[in-house]
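See structure below.
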Amino acid sequence: MSDWLLLNLSTYGYSLLFVTTFLSCLALPVPASLAMMTAGAFAASGDLILWATAGSALGGAVMGDQTGFMLARVGSGRMSPYFVRNRGRAKLISRARRLTNQYGGPGIFLSRWLVSPLGPYANFVSGATHYQWHRFTLWGISGELVWVILYTSLGYVFAANLDLVAQIASDASGLIAASAITVALGLYLIRAKHRHAKKRRA
Amino acid sequence: MTLAFVAALTATMFFAFDILSDAKSWKDPKYRDAAPQVWMTPMYIAHSWKVDPKELGSAIGLTEKPKKRTTLEDIASERGIPVAQVIAEVQAFLASTTADGKIR
């Protein structure tokens with residue numbers, strides 16, 4: 001997949017970059033960060049134009065986010081009788097809705113670039129919980145802007161060391177996502193332990 | 001949940017170790033310049049090795065300055081030769097310019 005993408009990136013340039021970031025925002029396993037870095041390197045060598053490179057990556061990402069959000073929104077509307085019928089499920093959904101309304105914006109922003117592996121799922125949750133569209137779009141575009149600028153400029157600056165920089169970037173992104181999940185699970189476990197202790201005292 | 005926590009913690013440590021080993025190879029000269037590959041364009045190779053694109057172009061049989069977005073593979077198929085031969089020509093050119101002390 002990566003080899004095919006690299007070989008075709010200079011030929012299909014901007015359109016291939018658009019399609020790659022689009023698909024990656026729908027949780028499809030395409031090497032979007034590698035594509036952006038390589039395109040950034042091609043911009044440094046003069047094969048591609050920098051602003052058009054960043055523009056097509058941004059366009060694909062924003063369209064991908066919107067597609068994921070809308071799919072989940074329409075899908076959840078169809079599923080809502082199923083959720084309402086059961087009290088447990090209804091409670092779970094209302095809790096998810098409350099959480100996205102409370103932390104949604106910054107969560108969407110950070111899941112675009114800092115913990116980008118979680119991005120597509122944040123789109124689905126936002127759409128399914130009927131998070132406000134204009135807020136989703138504003139936070140989303142700002143986050144994607146950071147993501148695109150980060151990776152294309154990494155490729156632009158480190159064009160000669162692309163292999164190693166791509167490796168470091170992918171490890172760093174994995175490290176941040178894994179540690180975020182570790183902290184979240186750790187907090188959950190601590191809270192569960194407290195609740196359990198409280199119950200036993202009562 | 002405890003199992004998931006342990007799994008996430010293991011993944012975190014795995015990535016941390018990987019980054020440390022990446023940092024070590026930063027100094028390795030093998031990684032300093034991009035070794036020529038099929039997907040690269042002459043302009044990209046010239047940029048990363050800081051050599052003249054026109055000189056590189058003539059070393060791989062181009063009569064004019066290399067065109068934008070043309071990969072080594074495109075050049076090989078245009079010339080009707082295997083891409084490995086074009087890569088060998090690029091390597092020979094880079095080796096000769098390094099010997100002349102032209103790079104950096």
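Every chain in the structure tokens has a letter given in the order shown (A, B, ...), and although residue numbers restart at 1 in each chain, ligands are simply numbered from 1 in the order shown.
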7 Å contacts from chain A to chain B using only C-alpha atoms, as a ChimeraX atom specification:
/A:6-7,10-11,42,45,47,159-161,164,168,171-172,174-175,178-179,181-182,185-186
Per DSSP on the backbone, what are the alpha helix (DSSP H) residues of chain B, as JSON, numbers by chain?
{"B": [2, 3, 4, 5, 6, 7, 8, 9, 10, 11, 12, 13, 14, 15, 16, 17, 18, 19, 20, 21, 22, 23, 24, 25, 42, 43, 44, 45, 46, 47, 48, 49, 53, 54, 55, 56, 57, 58, 59, 72, 73, 74, 75, 76, 77, 78, 79, 83, 84, 85, 86, 87, 88, 89, 90, 91, 92, 93, 94, 95, 96, 97, 98, 99]}
Mind dumping the selected residues with C-alpha atoms as a PDB file, in the first residue's frame?
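Output contents, as saved in out.pdb:
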```
ATOM      1  CA  THR B   2      -7.428  -4.030  34.032  1.00  0.00           C
ATOM      2  CA  LEU B   3      -6.328  -6.170  31.091  1.00  0.00           C
ATOM      3  CA  ALA B   4      -6.992  -3.291  28.673  1.00  0.00           C
ATOM      4  CA  PHE B   5      -4.988  -0.974  30.929  1.00  0.00           C
ATOM      5  CA  VAL B   6      -2.016  -3.367  30.942  1.00  0.00           C
ATOM      6  CA  ALA B   7      -2.258  -3.701  27.141  1.00  0.00           C
ATOM      7  CA  ALA B   8      -2.293   0.089  26.694  1.00  0.00           C
ATOM      8  CA  LEU B   9       0.646   0.487  29.066  1.00  0.00           C
ATOM      9  CA  THR B  10       2.621  -2.154  27.141  1.00  0.00           C
ATOM     10  CA  ALA B  11       1.879  -0.377  23.856  1.00  0.00           C
ATOM     11  CA  THR B  12       3.025   2.935  25.379  1.00  0.00           C
ATOM     12  CA  MET B  13       6.349   1.418  26.451  1.00  0.00           C
ATOM     13  CA  PHE B  14       6.791  -0.261  23.078  1.00  0.00           C
ATOM     14  CA  PHE B  15       6.451   3.081  21.250  1.00  0.00           C
ATOM     15  CA  ALA B  16       8.745   4.819  23.752  1.00  0.00           C
ATOM     16  CA  PHE B  17      11.508   2.237  23.161  1.00  0.00           C
ATOM     17  CA  ASP B  18      11.032   2.532  19.405  1.00  0.00           C
ATOM     18  CA  ILE B  19      11.516   6.300  19.524  1.00  0.00           C
ATOM     19  CA  LEU B  20      14.706   5.869  21.532  1.00  0.00           C
ATOM     20  CA  SER B  21      16.118   3.479  18.937  1.00  0.00           C
ATOM     21  CA  ASP B  22      15.071   5.885  16.128  1.00  0.00           C
ATOM     22  CA  ALA B  23      16.930   8.678  17.866  1.00  0.00           C
ATOM     23  CA  LYS B  24      20.066   6.522  17.904  1.00  0.00           C
ATOM     24  CA  SER B  25      19.917   5.930  14.147  1.00  0.00           C
ATOM     25  CA  PRO B  42      15.433  13.449 -10.215  1.00  0.00           C
ATOM     26  CA  MET B  43      14.468  16.814  -8.703  1.00  0.00           C
ATOM     27  CA  TYR B  44      13.831  15.200  -5.325  1.00  0.00           C
ATOM     28  CA  ILE B  45      17.148  13.333  -5.405  1.00  0.00           C
ATOM     29  CA  ALA B  46      18.989  16.498  -6.474  1.00  0.00           C
ATOM     30  CA  HIS B  47      17.310  18.401  -3.621  1.00  0.00           C
ATOM     31  CA  SER B  48      18.132  15.882  -0.905  1.00  0.00           C
ATOM     32  CA  TRP B  49      21.728  15.316  -2.062  1.00  0.00           C
ATOM     33  CA  PRO B  53      19.377  18.604 -11.126  1.00  0.00           C
ATOM     34  CA  LYS B  54      20.566  19.215 -14.679  1.00  0.00           C
ATOM     35  CA  GLU B  55      23.836  17.340 -14.108  1.00  0.00           C
ATOM     36  CA  LEU B  56      21.962  14.466 -12.476  1.00  0.00           C
ATOM     37  CA  GLY B  57      19.537  14.463 -15.424  1.00  0.00           C
ATOM     38  CA  SER B  58      22.310  14.137 -17.984  1.00  0.00           C
ATOM     39  CA  ALA B  59      23.851  11.301 -15.928  1.00  0.00           C
ATOM     40  CA  LEU B  72      12.886   7.160 -11.977  1.00  0.00           C
ATOM     41  CA  GLU B  73      10.443   4.480 -13.078  1.00  0.00           C
ATOM     42  CA  ASP B  74       8.882   6.818 -15.672  1.00  0.00           C
ATOM     43  CA  ILE B  75      12.351   7.621 -17.007  1.00  0.00           C
ATOM     44  CA  ALA B  76      13.262   3.913 -17.201  1.00  0.00           C
ATOM     45  CA  SER B  77      10.119   3.028 -19.149  1.00  0.00           C
ATOM     46  CA  GLU B  78      10.644   6.001 -21.468  1.00  0.00           C
ATOM     47  CA  ARG B  79      14.151   4.794 -22.203  1.00  0.00           C
ATOM     48  CA  VAL B  83      14.584   0.791 -13.514  1.00  0.00           C
ATOM     49  CA  ALA B  84      17.468  -0.913 -11.683  1.00  0.00           C
ATOM     50  CA  GLN B  85      19.796   0.416 -14.380  1.00  0.00           C
ATOM     51  CA  VAL B  86      18.590   4.003 -13.866  1.00  0.00           C
ATOM     52  CA  ILE B  87      19.061   3.631 -10.107  1.00  0.00           C
ATOM     53  CA  ALA B  88      22.608   2.331 -10.716  1.00  0.00           C
ATOM     54  CA  GLU B  89      23.311   5.389 -12.883  1.00  0.00           C
ATOM     55  CA  VAL B  90      22.023   7.698 -10.147  1.00  0.00           C
ATOM     56  CA  GLN B  91      24.183   5.932  -7.569  1.00  0.00           C
ATOM     57  CA  ALA B  92      27.238   6.163  -9.798  1.00  0.00           C
ATOM     58  CA  PHE B  93      26.622   9.877 -10.324  1.00  0.00           C
ATOM     59  CA  LEU B  94      26.170  10.519  -6.595  1.00  0.00           C
ATOM     60  CA  ALA B  95      29.315   8.525  -5.811  1.00  0.00           C
ATOM     61  CA  SER B  96      31.343  10.494  -8.348  1.00  0.00           C
ATOM     62  CA  THR B  97      30.145  13.872  -7.033  1.00  0.00           C
ATOM     63  CA  THR B  98      30.892  12.780  -3.471  1.00  0.00           C
ATOM     64  CA  ALA B  99      34.418  11.775  -4.529  1.00  0.00           C
TER      65      ALA B  99
END
```
Do a neighbour search on stretch 108-122 of chain A at 8 Å with only C-alpha atoms, toss out local chain neighbours closer than 2 positions, and write the hits as an NGL selection string.
:A and (24-27 or 65 or 68 or 104-106 or 124-126 or 136 or 139-140 or 142-144 or 146-147 or 173 or 176-177 or 180)
Give me the residues near A:Leu71 as number ranges by chain, where near means some atom within 9 Å (using only C-alpha atoms) and where sequence neighbours in that chain fewer than 4 positions away do not count.
A: 66-67, 75-76, 124, 127-128
Which residue out of A:Leu23, A:Met36, A:Leu5, A:Ile49 has the minimum interatomic distance to A:Tyr151 when only C-alpha atoms are used?
A:Met36
Can you work out the spacing between atom CA of B:Asp28 and atom CA of A:Leu9 in Å, to one decimal?
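Pair atom CA of B:Asp28 / atom CA of A:Leu9 returns 27.7 Å.
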Figure out the distance between atom CA of A:Val19 and atom CA of A:Met1, please, to one decimal in Å.
13.8 Å
Among listed residues A:Ala90, A:Met79, A:Arg201, A:Phe69, nearest A:His134 (using only C-alpha atoms):
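Closest candidate: A:Phe69.
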Which polymer residues have any atom within 9 Å of an atom of A:Ser153, counting only C-alpha atoms, with same-chain residues fewer than 6 positions away left out, as a list in words?
Met36, Met37, Gly40 and Ala41 of chain A
Output for the residues just chosen: N, CA and C atoms as a PDB file, in the first residue's frame:
```
ATOM      1  N   MET A  36       1.358  12.766   3.252  1.00  0.00           N
ATOM      2  CA  MET A  36       1.529  14.213   3.438  1.00  0.00           C
ATOM      3  C   MET A  36       3.009  14.585   3.534  1.00  0.00           C
ATOM      4  N   MET A  37       3.772  13.746   4.247  1.00  0.00           N
ATOM      5  CA  MET A  37       5.202  14.048   4.389  1.00  0.00           C
ATOM      6  C   MET A  37       5.913  13.942   3.043  1.00  0.00           C
ATOM      7  N   GLY A  40       5.053  16.821   0.973  1.00  0.00           N
ATOM      8  CA  GLY A  40       5.794  17.978   1.486  1.00  0.00           C
ATOM      9  C   GLY A  40       7.225  17.984   0.962  1.00  0.00           C
ATOM     10  N   ALA A  41       7.837  16.775   0.897  1.00  0.00           N
ATOM     11  CA  ALA A  41       9.197  16.659   0.368  1.00  0.00           C
ATOM     12  C   ALA A  41       9.213  17.008  -1.125  1.00  0.00           C
TER      13      ALA A  41
END
```
How far is it from atom CA of A:Ala52 to atom CA of A:Tyr14, in Å with one decimal?
7.2 Å
